Amino acid sequence: MKDENEAIDEAVDPSRRAFMGVAAGVTAAVVAPGVLLHAVAAAPRSEPVTADVRWGLLIDTAKCVDGCSACVAACDRENGLDMQSKPESQSPLKWDSQKAVWIRKVKLQDNQTGRVTTLPMMCQHCEHPPCVDVCPTGASFKRADGIVMVDRHLCIGCRYCMMACPYKARNFIHEAVHGQLTAVPRGKGCVESCNLCVHRRDFGEESTACVDACAAEGHHAIVFGDLKDPASPISQLLKDMPSRQIREDLSLNTGVRYSGV
Amino acid sequence: MATAVLRASLVAVGLVWTLAVQTVQAEDVKRYVVEGSRAAGLESCVEPTERIRRQHMEFIKHQRIATVHEGIRTEKYSLSGCVDCHISYDQERVPRPINDPDQFCGACHAFAAIDLNCFDCHAAVPNGARLDATAIAAHRAAGVGPLVQSRRDGEDH
Ligand code: SF4
Ligand code: SF4
């Protein structure tokens with residue numbers, strides 16, 4: 001991964017640099033600290049994650065479009081899920097229910113009014129995650145920054161966590177996997193779920209694959225950010241607009257919030 | 001006197017052999033270093049060769065906890081770092097899985113009769129930039145399948 005970052009640095013076009021230099025002129029001294037800050041933020045993480053931040057998502061269901069699945073496709077691609085292939089002996093129906101997906105598009109209908117809402121559903125990154133409570137090996141864990149994930153080195157594939165999760169967020173990998181991405185290891189016999197693009201977090205990127213894809217489609221239904229920073233866009237939005245946790249009766253204090261449901 | 005000469009020449013022959021073996025080993029190791037990689041510019045790996053040979057598993061075991069649980073990505077030791085520097089390519093410039101029985105990890109593990117499954121989950125080739133979906137579909141349609149298969153170290157040996 002380090003090499004990749006170096007490659008990005010090298011990719012900066014010198015003529016563009018020269019132009020920037022001229023254009024910036026006397027303001028260079030002011031711009032430089034900003035640029036420097038950005039460079040530091042984009043470097044791979046060298047300190048342990050802390051509880052000073054808590055990552056989360058806010059999904060505005062009013063903006064989520066029925067029939068669009070850009071977030072799902074982007075997640076599949078980012079995390080190598082599109083490289084799964086159906087075992088020959090398996091029926092398409094079974095494969096559909098067994099292949100790993102980190103985000104699902106869910107359609108809700110209010111039977112009394114007939115109102116239909118669509119929303120993306122992924123691991124809700126609970127503050128009190130039942131999947132962590134039940135895991136017998138400590139494989140299912142919550143990082144200090146609020147990301148709930150599985151340490152595959154410890155997972156024995158018992159699938160208790162899949163039973164415990166109220167959101168059906170977890171997946172079991174049933175078959176041997178080939179051609180994994182360097183950033184997303186994956187193997188037969190382990191459980192996995194959305195990890196808020198943890199590799200992006202650790203390399204200082206600003207959003208997740210689903211957020212980028214939704215924005216690229218022009219829908220902007222998903223906002224990613226730090227729930228603990230009152231100045232972050234997500235906190236500002238949460239302050240302004242009514243939002244809910246799905247199954248708030250369970251008091252899990254989810255990190256993923258929905259508005260318009 | 002005769003015994004002394006014999007002994008001296010035996011020692012000499014022995015020395016020559018040791019040197020020869022070491023040269024071969026050194027060349028063997030060189031074969032596994034990617035040109036222009038970080039390792040190519042280093043005298044030895046991130047630790048002296050003797051240490052890294054014996055203890056690499058301890059180093060990366062410690063590192064995996066720092067990375068998975070604490071998000072630290074700048075550790076000196078790293079499995080993807082091994083792959084980046086020590087992968088080799090075939091004539092078509094396709095990377096050979098590093099755990100193949102004639103490759104950097106696989107050769108030694110096969111020799112030592114160790115059956116590991118690091119690469120059941122981890123990428124056995126540098127796989128940061130990936131084939132796009134259409135290329136994968138094309139490969140599948142052509143029945144080529146994934147170019148790079150992961151398998152246990154030393155399997156097929
Ligand atoms: S949504 Fe499910 S998998 Fe995610 S933290 Fe909560 S219980 Fe665990
Ligand atoms: S499947 Fe793995 S992560 Fe889930 S409860 Fe069992 S050991 Fe823990």
# chains A, B, ... in the order shown; residues from 1 in each chain; ligands from 1
>>> residues_near_ligand(ligand="ligand 1", cutoff="10 Å", atoms="only C-alpha atoms and all ligand atoms", output="PyMOL selection string")
chain A and resi 121-134+140-142+146-150+161-171+191-195+246+252-256
>>> write_last_selection(atoms="N, CA and C atoms", output="short mmCIF file (atom, residue, chain, number, x, y, z; two decimals), in the first residue's frame")
data_model
loop_
_atom_site.label_atom_id
_atom_site.label_comp_id
_atom_site.auth_asym_id
_atom_site.auth_seq_id
_atom_site.Cartn_x
_atom_site.Cartn_y
_atom_site.Cartn_z
N MET A 121 -28.89 -0.96 3.57
CA MET A 121 -28.76 -1.53 4.91
C MET A 121 -27.41 -2.23 4.99
N MET A 122 -26.64 -1.86 5.96
CA MET A 122 -25.34 -2.50 6.14
C MET A 122 -25.11 -2.68 7.64
N CYS A 123 -23.93 -3.16 8.05
CA CYS A 123 -23.64 -3.24 9.48
C CYS A 123 -23.87 -1.86 10.07
N GLN A 124 -24.57 -1.80 11.18
CA GLN A 124 -24.95 -0.51 11.77
C GLN A 124 -23.90 0.01 12.75
N HIS A 125 -22.83 -0.72 12.89
CA HIS A 125 -21.72 -0.32 13.76
C HIS A 125 -22.23 0.13 15.13
N CYS A 126 -22.93 -0.81 15.76
CA CYS A 126 -23.54 -0.60 17.07
C CYS A 126 -22.50 -0.19 18.11
N GLU A 127 -22.89 0.69 19.01
CA GLU A 127 -21.99 1.00 20.12
C GLU A 127 -21.92 -0.19 21.08
N HIS A 128 -23.05 -0.89 21.21
CA HIS A 128 -23.08 -2.09 22.06
C HIS A 128 -23.40 -3.28 21.16
N PRO A 129 -22.42 -3.77 20.40
CA PRO A 129 -22.73 -4.74 19.35
C PRO A 129 -22.99 -6.15 19.89
N PRO A 130 -24.19 -6.69 19.64
CA PRO A 130 -24.48 -8.05 20.07
C PRO A 130 -23.53 -9.07 19.45
N CYS A 131 -23.05 -8.79 18.23
CA CYS A 131 -22.14 -9.73 17.57
C CYS A 131 -20.83 -9.87 18.35
N VAL A 132 -20.43 -8.80 19.02
CA VAL A 132 -19.20 -8.84 19.82
C VAL A 132 -19.47 -9.58 21.14
N ASP A 133 -20.65 -9.32 21.71
CA ASP A 133 -21.01 -9.98 22.97
C ASP A 133 -20.97 -11.50 22.85
N VAL A 134 -21.48 -12.02 21.74
CA VAL A 134 -21.64 -13.47 21.65
C VAL A 134 -20.40 -14.19 21.13
N SER A 140 -14.87 -11.11 16.75
CA SER A 140 -15.75 -9.99 16.45
C SER A 140 -15.44 -8.91 17.47
N PHE A 141 -15.03 -7.74 17.00
CA PHE A 141 -14.60 -6.71 17.95
C PHE A 141 -14.94 -5.33 17.43
N LYS A 142 -14.92 -4.38 18.36
CA LYS A 142 -15.17 -2.99 17.98
C LYS A 142 -13.88 -2.22 18.13
N GLY A 146 -14.97 3.01 16.72
CA GLY A 146 -16.37 2.64 16.53
C GLY A 146 -16.65 1.66 15.41
N ILE A 147 -15.63 1.29 14.64
CA ILE A 147 -15.85 0.34 13.54
C ILE A 147 -15.92 -1.07 14.11
N VAL A 148 -17.00 -1.78 13.80
CA VAL A 148 -17.14 -3.16 14.24
C VAL A 148 -16.66 -4.06 13.11
N MET A 149 -15.75 -4.96 13.41
CA MET A 149 -15.23 -5.83 12.36
C MET A 149 -14.80 -7.19 12.91
N VAL A 150 -14.35 -8.05 12.02
CA VAL A 150 -13.95 -9.41 12.41
C VAL A 150 -12.45 -9.55 12.19
N CYS A 161 -22.33 -14.85 15.69
CA CYS A 161 -22.55 -13.42 15.46
C CYS A 161 -23.62 -13.18 14.41
N MET A 162 -23.69 -14.08 13.43
CA MET A 162 -24.71 -13.91 12.39
C MET A 162 -26.10 -14.06 12.99
N MET A 163 -26.20 -14.97 13.96
CA MET A 163 -27.47 -15.17 14.65
C MET A 163 -27.81 -13.96 15.51
N ALA A 164 -26.79 -13.38 16.11
CA ALA A 164 -27.03 -12.32 17.10
C ALA A 164 -27.34 -10.99 16.44
N CYS A 165 -26.86 -10.76 15.26
CA CYS A 165 -27.04 -9.45 14.62
C CYS A 165 -28.50 -9.24 14.22
N PRO A 166 -29.11 -8.17 14.73
CA PRO A 166 -30.51 -7.92 14.40
C PRO A 166 -30.71 -7.42 12.98
N TYR A 167 -29.63 -7.09 12.28
CA TYR A 167 -29.74 -6.42 10.98
C TYR A 167 -29.33 -7.33 9.83
N LYS A 168 -29.07 -8.58 10.10
CA LYS A 168 -28.66 -9.53 9.06
C LYS A 168 -27.47 -8.98 8.28
N ALA A 169 -26.55 -8.37 9.02
CA ALA A 169 -25.47 -7.65 8.36
C ALA A 169 -24.28 -8.55 8.03
N ARG A 170 -24.24 -9.73 8.65
CA ARG A 170 -23.01 -10.52 8.51
C ARG A 170 -23.11 -11.63 7.49
N ASN A 171 -21.98 -11.98 6.92
CA ASN A 171 -21.90 -12.98 5.86
C ASN A 171 -20.86 -14.02 6.21
N VAL A 191 -16.40 -15.13 8.98
CA VAL A 191 -17.52 -14.22 8.85
C VAL A 191 -16.99 -12.82 8.59
N GLU A 192 -17.75 -12.04 7.84
CA GLU A 192 -17.32 -10.66 7.57
C GLU A 192 -18.54 -9.79 7.36
N SER A 193 -18.32 -8.48 7.45
CA SER A 193 -19.41 -7.53 7.20
C SER A 193 -18.79 -6.17 6.92
N CYS A 194 -19.66 -5.21 6.60
CA CYS A 194 -19.21 -3.84 6.31
C CYS A 194 -18.24 -3.37 7.40
N ASN A 195 -17.10 -2.83 6.99
CA ASN A 195 -16.16 -2.29 7.97
C ASN A 195 -15.89 -0.81 7.71
N ILE A 246 -32.51 2.22 13.25
CA ILE A 246 -33.40 1.10 12.98
C ILE A 246 -33.37 0.19 14.22
N LEU A 252 -29.02 -0.23 20.94
CA LEU A 252 -27.65 -0.58 20.55
C LEU A 252 -26.83 0.66 20.20
N ASN A 253 -27.49 1.82 20.16
CA ASN A 253 -26.86 3.07 19.75
C ASN A 253 -26.04 2.89 18.48
N THR A 254 -26.74 2.69 17.40
CA THR A 254 -26.07 2.40 16.13
C THR A 254 -25.31 3.61 15.59
N GLY A 255 -24.29 3.35 14.85
CA GLY A 255 -23.50 4.41 14.22
C GLY A 255 -24.07 4.81 12.86
N VAL A 256 -25.03 4.03 12.37
CA VAL A 256 -25.67 4.34 11.10
C VAL A 256 -27.09 4.82 11.40
#
>>> interface_residues(of="chain A", to="chain B", cutoff="7 Å", atoms="only C-alpha atoms", output="compact mmCIF listing (two decimals) with C-alpha atoms, in the first residue's frame")
# COMPACT_ATOMS: atom_id res chain seq x y z
CA PRO A 44 -0.98 5.76 6.37
CA ARG A 45 -1.82 5.67 10.03
CA SER A 46 1.09 5.18 12.40
CA GLU A 47 -0.67 5.66 15.74
CA PRO A 48 -3.36 3.39 17.22
CA VAL A 49 -6.94 4.46 16.51
CA ARG A 143 -12.27 -0.76 17.12
CA ASP A 151 -10.36 -10.41 13.04
CA HIS A 178 -9.17 -16.71 -5.21
CA GLY A 179 -7.50 -13.50 -6.32
CA GLN A 180 -8.17 -11.46 -3.17
CA LEU A 181 -7.38 -7.79 -3.04
CA THR A 182 -4.35 -6.86 -0.97
CA ALA A 183 -6.44 -4.45 1.11
CA PRO A 185 -8.24 -10.38 2.76
CA ARG A 186 -10.98 -12.98 2.57
CA GLY A 187 -11.11 -16.72 3.10
CA ASP A 202 -6.32 3.92 7.83
>>> select_by_dssp(residues="stretch 125-249 of chain A", states="helix (DSSP H, G or I)", output="NGL selection string")
:A and (130-134 or 160-164 or 198-202 or 209-216 or 233-240 or 248-249)
>>> closest_residue(among="A:Lys228, A:Lys239, A:Phe203, A:Gly157", to="ligand 2", atoms="only C-alpha atoms and all ligand atoms")
A:Gly157
>>> atom_distance(atom1="atom CA of A:Gly204", atom2="atom CA of A:Asp76")
20.9 Å
>>> atom_distance(atom1="atom CA of B:Glu92", atom2="atom CA of B:Ser78")
27.2 Å
>>> residues_around(residues="A:Gln98", least_positions_apart="5", cutoff="9 Å", atoms="only C-alpha atoms", output="PyMOL selection string")
chain A and resi 93+171-174
>>> residues_around(residues="A:Val116", least_positions_apart="5", cutoff="10 Å", atoms="only C-alpha atoms", output="PyMOL selection string")
chain A and resi 66+107-111+261
>>> write_last_selection(atoms="N, CA, C and O atoms", output="PDB file, in the first residue's frame")
ATOM      1  N   ASP A  66     -35.453   4.432  -5.603  1.00  0.00           N
ATOM      2  CA  ASP A  66     -35.890   3.057  -5.848  1.00  0.00           C
ATOM      3  C   ASP A  66     -35.281   2.571  -7.167  1.00  0.00           C
ATOM      4  O   ASP A  66     -35.333   3.281  -8.164  1.00  0.00           O
ATOM      5  N   LYS A 107     -36.504  -2.490   0.877  1.00  0.00           N
ATOM      6  CA  LYS A 107     -37.702  -1.708   0.573  1.00  0.00           C
ATOM      7  C   LYS A 107     -38.689  -1.884   1.722  1.00  0.00           C
ATOM      8  O   LYS A 107     -39.002  -3.007   2.114  1.00  0.00           O
ATOM      9  N   LEU A 108     -39.143  -0.755   2.251  1.00  0.00           N
ATOM     10  CA  LEU A 108     -40.116  -0.821   3.355  1.00  0.00           C
ATOM     11  C   LEU A 108     -41.453  -0.303   2.860  1.00  0.00           C
ATOM     12  O   LEU A 108     -41.509   0.692   2.142  1.00  0.00           O
ATOM     13  N   GLN A 109     -42.517  -0.963   3.287  1.00  0.00           N
ATOM     14  CA  GLN A 109     -43.822  -0.441   2.928  1.00  0.00           C
ATOM     15  C   GLN A 109     -44.682  -0.311   4.179  1.00  0.00           C
ATOM     16  O   GLN A 109     -44.785  -1.246   4.975  1.00  0.00           O
ATOM     17  N   ASP A 110     -45.268   0.865   4.338  1.00  0.00           N
ATOM     18  CA  ASP A 110     -46.219   1.058   5.418  1.00  0.00           C
ATOM     19  C   ASP A 110     -47.565   0.547   4.926  1.00  0.00           C
ATOM     20  O   ASP A 110     -48.166   1.133   4.019  1.00  0.00           O
ATOM     21  N   ASN A 111     -48.020  -0.543   5.507  1.00  0.00           N
ATOM     22  CA  ASN A 111     -49.224  -1.183   4.972  1.00  0.00           C
ATOM     23  C   ASN A 111     -50.477  -0.339   5.153  1.00  0.00           C
ATOM     24  O   ASN A 111     -51.456  -0.524   4.443  1.00  0.00           O
ATOM     25  N   VAL A 261     -37.615   7.736   7.872  1.00  0.00           N
ATOM     26  CA  VAL A 261     -38.260   6.423   8.061  1.00  0.00           C
ATOM     27  C   VAL A 261     -39.127   6.432   9.324  1.00  0.00           C
ATOM     28  O   VAL A 261     -38.878   7.192  10.224  1.00  0.00           O
TER      29      VAL A 261
END
>>> atom_distance(atom1="atom CA of A:Trp55", atom2="atom CA of A:Phe224")
7.4 Å
